[in-house]
Structure formats: structure tokens, C-alpha cells
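Asks: Would you mind keeping the following structure in view while I ask a few things?
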There are 4 protein chains.
Amino acid sequence: MAALPPGTQSPFVWNLRVYWEDTDAGGVVFYANYLKFFERARTEWLRALGVEQESLRRERQMQFVVTHSEVRYLRPARLDDWLQISVQPSQSGRASVLITQEARRDGELLAEGRIRIACVDAVSFALQRMPEFLLVPAAGKPAA
Amino acid sequence: MAALPPGTQSPFVWNLRVYWEDTDAGGVVFYANYLKFFERARTEWLRALGVEQESLRRERQMQFVVTHSEVRYLRPARLDDWLQISVQPSQSGRASVLITQEARRDGELLAEGRIRIACVDAVSFALQRMPEFLLVPAAGKPAA
Amino acid sequence: MAALPPGTQSPFVWNLRVYWEDTDAGGVVFYANYLKFFERARTEWLRALGVEQESLRRERQMQFVVTHSEVRYLRPARLDDWLQISVQPSQSGRASVLITQEARRDGELLAEGRIRIACVDAVSFALQRMPEFLLVPAAGKPAA
Amino acid sequence: MAALPPGTQSPFVWNLRVYWEDTDAGGVVFYANYLKFFERARTEWLRALGVEQESLRRERQMQFVVTHSEVRYLRPARLDDWLQISVQPSQSGRASVLITQEARRDGELLAEGRIRIACVDAVSFALQRMPEFLLVPAAGKPAA
């Protein structure tokens, strides 16, 4: 697994389409589904770092869980929209990582989220130390 | 666990409300969600027979899986609708049970499904013999 | 429509079962689905106040939208769990209402949310004034 | 909009990843979610034909609905799997089109579906004639 290069600040971006399943009778994306979009982008970001969560679970009995989520909904997304979902780890400790995420359509900000992730034992759900590859150095202070 | 009384023919019925999450931008219930409604009713039907699937999985390493599903969509259900979902086991063998299900609103038939259920080992997914309590006697032929 | 009685502080509670559809491969309820549970409870709370959202949309072209959501996840819920979801309006203005919600199992707190709701035109999504029946008087200050 | 070329028989294929949201506590993809996967592939197939359903709904007040679905589940898909979902219109009339769909992983068949689509007025849900671009000529008989 690759470590996050020290000082990396540009966010990972994942594109996705809004399908019927994502919308509700209001004609727009149902508010819970932004958490699905954010999760898909985090999964692809982990994959880009070389981490497959199914393997992690089977081979190392480790799993990531969300301990806190926050979403601001600014403008509605609609059927057939092509969205850009970003992933930006903004703060991390031994126990959790805070990830800032945005959903945009053609540059326009639709929703923004702050998701805190922790690492647990996949069976007992007891908290584990975050794996090294997710430790984000503080801005301007490259990891030694 | 109670056995299905021989010759039982009246269906089990479970009521549920249509919420925002169930609808799509067409203003009606998304077609995949009838399979969720049918599954909820089957879970409650099993509970009425004394079967908790989570316990089944943990204690006996057994799980039910759907091997075939078929749904006819007749009329759309909408937000706030109060639906009646029926469960009627109509045919069973050692390896699977066929369950007929309907979704109705005030008596009006909205969708009907035929769902075939099998029983597997919860880890290997290898087929198991159906548990006795799900064996439905053929109509008019009470189980000896 | 009934107005919220002045000084009402005891929360509305809605019960629901955790089904297969709500869980993920981690064996627990998927984090986005607490927003579904919270929405179901808010819908039933509105119904208890005499408000049907589908009618609201059709007859008055009004719709509620979530502008901000926040969830703290404390303990996982699992398949077959019977949950109590509370709804407690805690603060309101002309433009939005803040609703505090909890998910509990046998008294144990699993997740807590803070959901801000606004009212929009169902077609243009332009902000509307909150309807009177949702205006919550400040604690200890009964609405005149 | 492009017409389906006469005699076209090779299926359209859409790739997708299995995410946490798609799985259930059994560790595999929840059975209703194959209908989501099939719908995504049909949407992308329509897009490849030049049809955007949101525009269709707004500009021509037309919408496709599923009138019948059938799925055979052969092998489970799991988290992180990369699936190929095919779309093959196999039969069409004035009122509906039958679409055969498969979900495969590395060539291995996991599920197969037969989905019947009709075209309705987006407001009244009254049946419409299928648009010309979806009329599939019978095998071996190119449309004149």
C-alpha cells in the first residue's frame, strides 16, 4: 500500500451519474443518498491508495466505520446529472481521520460533507489504531 | 418454532407506509423497492412463525437466499400510501419454497410477486435442506 | 392541522424493525440508512400533526427539504433489531426548524442526529416561510 | 436520436463496482439491488442511443416504466466486485420492449434478468406507443 505523499493537498475526485434509484418523488436526489455518493468516492480513493476493503476485512479483520457525518445541502441534484465527488483527508489522529467531501455539477457546489472515519476490528467492532497509510501529516509539516 | 399448520391457505399480511426513500423522480415507488417490501413481509412472516434470521445465522449458520424473483407491476404506489403486503407459500420441496406475494392499497392490487427461497450455509453459501417448519403440504394433502 | 402545543417538550417516538435492506456486509446498519430512519420518524411525526406531505405537495405546492444533517454513530444496529426513533423540534425560525433525533434499542443510544428542515416551493425549490404549525416556541416562552 | 441499427444483436455492456450500500449482512449483494444495476445499465444504454430520460420527461412528458421483472440469482456478488451488466433488447411490440440482462464477473454469470419496459405519459401514467428508436426488428429481418 502506498502512503499518502507528505503534504498532498489536492483532493481525489470520483465521477458518478444520478440514476432513478437515487432520486425521490420531489424530483431530486434523496438527502441520504449523498452519503452513498460520498462513500463510493472514499472507496475509490482507498482503491487508488491500494486498499481493497473486502481484502482488508478478510485478511486483516479490519474495517473502517463512520463515527460522525455532517452534510450541508445547497442545491438539488437531478436525474441524469453527472457529479464530481471529492475526497480530502483534512485531519487525522491515531483513532480517526476527518474527510472533507464535496458534490459538484459542472463546478457548482451542490453539497458538502465532513465524515469522520475510524478503524475497528471487523468482528468485535472494537476501535483499532488507524493504519499508517491513512495518517495525514499536518499541513506544511511533511511526515518525517 | 411452530410448524405451518397443514392445509393453511390464508396469507400472512404485513402493512407498511411508503416513505420518500421508496419513491423516485417519476413520483412513484421505484420498481426495485417492491422487492424490499416483499422481503420485509417475509421477515415478519418468519418472525410470526418464531424464526429470527439473525439468530438463525449466528446459532445455526443458516441463511435464506432468493434464487428467483418475478414481479408484475400493475399500478403505481405513491408517497404516503399505506400498503398491504401478503405472503403465501404456495409450493415447497426439499431445496426451496415458492412464495406468492401481493402489494395492495385498499384492496386494489398494485404488484404481485413470485419469490423462490432456498436455504444455504451462511458462510459457504452451499445449499441446505429446507428446515421442516417451512415445508408446505400440497393443497388438500395434510402432512402426515 | 393542529399546532404544536406551546411548551411541548416530550419527543415523538416511532418504532421500526431493521431488515436485510438496511444492513451492509459489515453485518450492521449502513451509515446512510439512519437518515432514512430519521426521515420515516419525521414523516410519522408530521402525520401525527395532521400533515400529509403528498397532499401538501399536490394541494399547496409545498415541500420540506433538509438543508443540513449531522449524525453521531455510537453503537451499531443489527438485523432484526427493534429501534425507537425520536423526533424533537428544538429550535425554529421563519426559514427553518432544527430537529433533534435519536435512534435507541432498549434504551441504549445508537445514533443521534440533528436535522435542519426548510420549506420550499415544490416546483421551483425557492425557500418559503415555514408553516405556522411547525413554529416551536422557545422553551419557557409559550407562543402568545 | 439514433435508431437501433437493423439486426443489431451484440449486447450493450455497462461496468460497475459493488459498494457497501449494495451489500447486506449476508456479506453479498442484496437481491433487490440487481434491479438497480440493471436499471443503471438500461439508462446508459439509452444514453448511448442519444436518449436522456430527464429531458424526455420534461420536454415530451414521456417516461419508461417497468411492467414485469424477472431475475434468476445464480452466484452471489460481493463488496469490491467489478461487474459487467449487459442490455439486450430481445423482443418489442408497439406497447413494450422485453430486455434481457445479465450480471457477470470476469465472465462468470451471477444473475440474469428479463425486464419488460413500457412507455407512459409522465403525468397520467397512461400507456403510450413505444418510440420508434426502441422498436427492435425481429432477428434476421432487418427493418425496411
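Chain lettering (A, B, ...) mirrors the order of the C-alpha cells, residue numbering begins at 1 for each chain separately, and ligand numbering begins at 1 in order of display.
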Chain A near chain C within 8 Å: what's each residue's closest atom pair and its distance in Å to one decimal, counting only C-alpha atoms, ordered by chain then ascending residue number, as CSV?

Replies:
```
residue,atom,partner,partner_atom,distance
A:Gly26,CA,C:Ala122,CA,7.1
A:Tyr31,CA,C:Val66,CA,7.0
A:Ala32,CA,C:Leu35,CA,5.5
A:Asn33,CA,C:Ala32,CA,7.0
A:Leu35,CA,C:Ala32,CA,5.5
A:Lys36,CA,C:Ala32,CA,6.6
A:Gln63,CA,C:Gly26,CA,7.9
A:Val66,CA,C:Tyr31,CA,7.0
A:Thr67,CA,C:Tyr73,CA,4.9
A:His68,CA,C:Arg72,CA,4.5
A:Ser69,CA,C:Val71,CA,5.2
A:Glu70,CA,C:Glu70,CA,4.2
A:Val71,CA,C:Ser69,CA,5.2
A:Arg72,CA,C:His68,CA,4.5
A:Tyr73,CA,C:Thr67,CA,4.9
A:Leu74,CA,C:Thr67,CA,6.9
A:Ala122,CA,C:Gly26,CA,7.1
```

Asks: Pull the strand (DSSP E or B) assignments for region 8-139 of chain A out of DSSP run on the backbone, and list those residues as an NGL selection string.

Replies: :A and (12-17 or 23 or 29 or 62-73 or 82-92 or 96-105 or 108-121 or 127-128)

Asks: Among chain C, which residues carry a DSSP assignment of alpha helix (DSSP H), reported as a list in words?

Replies: Asn33, Tyr34, Leu35, Lys36, Phe37, Phe38, Glu39, Arg40, Ala41, Arg42, Thr43, Glu44, Trp45, Leu46, Arg47, Ala48, Gln53, Glu54, Ser55, Leu56, Arg57, Arg58, Glu59 and Arg60 of chain C

Asks: Please return the superposed copy of chain A as a compact mmCIF listing (two decimals) with C-alpha atoms, in the first residue's frame; the fit should be least squares onto chain B across all sequentially paired Cα atoms.

Replies:
```txt
# COMPACT_ATOMS: atom_id res chain seq x y z
CA MET A 1 -40.56 -22.96 16.15
CA ALA A 2 -44.12 -23.60 15.15
CA ALA A 3 -44.77 -25.70 12.06
CA LEU A 4 -47.07 -24.33 9.40
CA PRO A 5 -50.41 -25.91 10.27
CA PRO A 6 -51.38 -28.44 7.59
CA GLY A 7 -53.65 -27.03 4.94
CA THR A 8 -53.09 -23.42 5.96
CA GLN A 9 -54.02 -21.34 2.96
CA SER A 10 -54.85 -17.82 4.16
CA PRO A 11 -51.93 -15.49 3.53
CA PHE A 12 -49.96 -13.59 6.13
CA VAL A 13 -50.32 -9.82 5.60
CA TRP A 14 -47.92 -7.07 6.62
CA ASN A 15 -48.76 -3.36 6.44
CA LEU A 16 -46.29 -0.64 5.60
CA ARG A 17 -46.13 3.03 4.69
CA VAL A 18 -44.50 4.43 1.54
CA TYR A 19 -41.83 6.96 2.55
CA TRP A 20 -39.69 9.39 0.55
CA GLU A 21 -36.85 6.86 0.38
CA ASP A 22 -39.12 4.45 -1.54
CA THR A 23 -40.11 6.86 -4.30
CA ASP A 24 -38.29 8.12 -7.37
CA ALA A 25 -38.40 11.21 -9.57
CA GLY A 26 -41.36 9.72 -11.44
CA GLY A 27 -43.37 10.42 -8.28
CA VAL A 28 -44.00 6.73 -7.61
CA VAL A 29 -42.35 3.80 -5.82
CA PHE A 30 -39.12 2.74 -7.58
CA TYR A 31 -39.56 -0.71 -9.12
CA ALA A 32 -36.75 -2.40 -7.14
CA ASN A 33 -38.32 -1.35 -3.86
CA TYR A 34 -41.23 -3.79 -4.16
CA LEU A 35 -38.59 -6.47 -3.58
CA LYS A 36 -37.73 -4.65 -0.33
CA PHE A 37 -41.40 -4.57 0.65
CA PHE A 38 -41.78 -8.27 -0.16
CA GLU A 39 -38.68 -9.09 1.89
CA ARG A 40 -39.94 -7.13 4.91
CA ALA A 41 -43.22 -9.06 4.80
CA ARG A 42 -41.38 -12.41 4.51
CA THR A 43 -39.21 -11.48 7.50
CA GLU A 44 -42.28 -10.65 9.57
CA TRP A 45 -43.98 -13.85 8.40
CA LEU A 46 -40.94 -15.83 9.57
CA ARG A 47 -41.02 -13.96 12.86
CA ALA A 48 -44.68 -14.90 13.25
CA LEU A 49 -43.53 -18.52 12.81
CA GLY A 50 -40.96 -17.97 15.55
CA VAL A 51 -37.92 -17.61 13.29
CA GLU A 52 -35.41 -14.80 13.80
CA GLN A 53 -33.02 -14.77 10.87
CA GLU A 54 -30.18 -13.11 12.78
CA SER A 55 -30.32 -15.89 15.40
CA LEU A 56 -30.60 -18.49 12.63
CA ARG A 57 -27.43 -17.12 11.10
CA ARG A 58 -25.49 -16.93 14.35
CA GLU A 59 -26.67 -20.09 16.06
CA ARG A 60 -27.26 -22.49 13.18
CA GLN A 61 -25.13 -20.83 10.45
CA MET A 62 -28.19 -20.94 8.18
CA GLN A 63 -29.48 -18.28 5.86
CA PHE A 64 -32.30 -17.96 3.36
CA VAL A 65 -31.47 -16.67 -0.10
CA VAL A 66 -33.65 -15.75 -3.04
CA THR A 67 -32.89 -17.84 -6.13
CA HIS A 68 -35.57 -16.38 -8.40
CA SER A 69 -37.81 -13.33 -8.29
CA GLU A 70 -40.60 -12.22 -10.56
CA VAL A 71 -42.73 -9.10 -10.21
CA ARG A 72 -45.67 -7.82 -12.25
CA TYR A 73 -46.22 -4.08 -11.79
CA LEU A 74 -49.86 -3.14 -12.32
CA ARG A 75 -50.45 0.29 -10.75
CA PRO A 76 -48.01 2.71 -9.14
CA ALA A 77 -47.84 3.25 -5.38
CA ARG A 78 -47.14 6.78 -4.16
CA LEU A 79 -45.74 8.67 -1.19
CA ASP A 80 -47.81 8.22 2.01
CA ASP A 81 -49.66 5.17 0.63
CA TRP A 82 -50.48 2.51 3.20
CA LEU A 83 -49.82 -0.88 1.62
CA GLN A 84 -50.77 -4.44 2.47
CA ILE A 85 -48.10 -6.97 1.55
CA SER A 86 -49.12 -10.63 1.60
CA VAL A 87 -47.01 -13.77 1.95
CA GLN A 88 -48.36 -17.07 0.71
CA PRO A 89 -46.08 -20.10 0.44
CA SER A 90 -47.48 -21.93 -2.55
CA GLN A 91 -45.14 -24.79 -3.25
CA SER A 92 -42.16 -26.34 -1.55
CA GLY A 93 -39.64 -29.06 -1.96
CA ARG A 94 -36.56 -30.14 -0.09
CA ALA A 95 -34.49 -27.48 -1.75
CA SER A 96 -36.72 -24.42 -2.04
CA VAL A 97 -40.05 -22.77 -1.32
CA LEU A 98 -42.04 -20.68 -3.79
CA ILE A 99 -43.76 -17.72 -2.17
CA THR A 100 -46.52 -15.71 -3.81
CA GLN A 101 -46.76 -12.11 -2.67
CA GLU A 102 -49.04 -9.20 -3.43
CA ALA A 103 -48.90 -5.48 -2.74
CA ARG A 104 -52.34 -3.91 -2.34
CA ARG A 105 -53.71 -0.48 -1.41
CA ASP A 106 -57.27 -0.53 -0.09
CA GLY A 107 -57.83 -3.86 -1.80
CA GLU A 108 -56.50 -2.67 -5.16
CA LEU A 109 -53.73 -4.90 -6.52
CA LEU A 110 -50.59 -2.84 -7.31
CA ALA A 111 -47.95 -5.52 -7.80
CA GLU A 112 -47.62 -9.25 -7.49
CA GLY A 113 -44.50 -11.30 -7.02
CA ARG A 114 -43.31 -14.88 -7.06
CA ILE A 115 -40.18 -15.36 -4.99
CA ARG A 116 -38.28 -18.63 -4.71
CA ILE A 117 -36.33 -19.07 -1.50
CA ALA A 118 -33.60 -21.58 -0.77
CA CYS A 119 -31.63 -22.26 2.36
CA VAL A 120 -27.83 -22.03 2.40
CA ASP A 121 -24.90 -22.33 4.76
CA ALA A 122 -24.30 -18.74 5.92
CA VAL A 123 -20.56 -18.95 5.27
CA SER A 124 -20.06 -21.20 2.22
CA PHE A 125 -23.45 -20.41 0.60
CA ALA A 126 -23.76 -24.15 -0.14
CA LEU A 127 -27.39 -25.28 -0.50
CA GLN A 128 -28.99 -26.86 2.57
CA ARG A 129 -32.17 -28.82 3.02
CA MET A 130 -35.10 -26.52 3.83
CA PRO A 131 -35.95 -26.55 7.54
CA GLU A 132 -39.06 -28.60 8.35
CA PHE A 133 -41.13 -25.63 9.52
CA LEU A 134 -41.12 -24.25 5.98
CA LEU A 135 -42.30 -27.40 4.26
CA VAL A 136 -45.75 -26.64 2.95
CA PRO A 137 -48.02 -29.61 2.43
CA ALA A 138 -49.64 -29.86 -0.99
CA ALA A 139 -53.16 -28.42 -1.02
CA GLY A 140 -55.68 -30.89 0.33
CA LYS A 141 -53.01 -33.25 1.54
CA PRO A 142 -52.33 -32.50 5.19
CA ALA A 143 -48.84 -33.46 6.32
CA ALA A 144 -48.97 -36.79 8.13
```
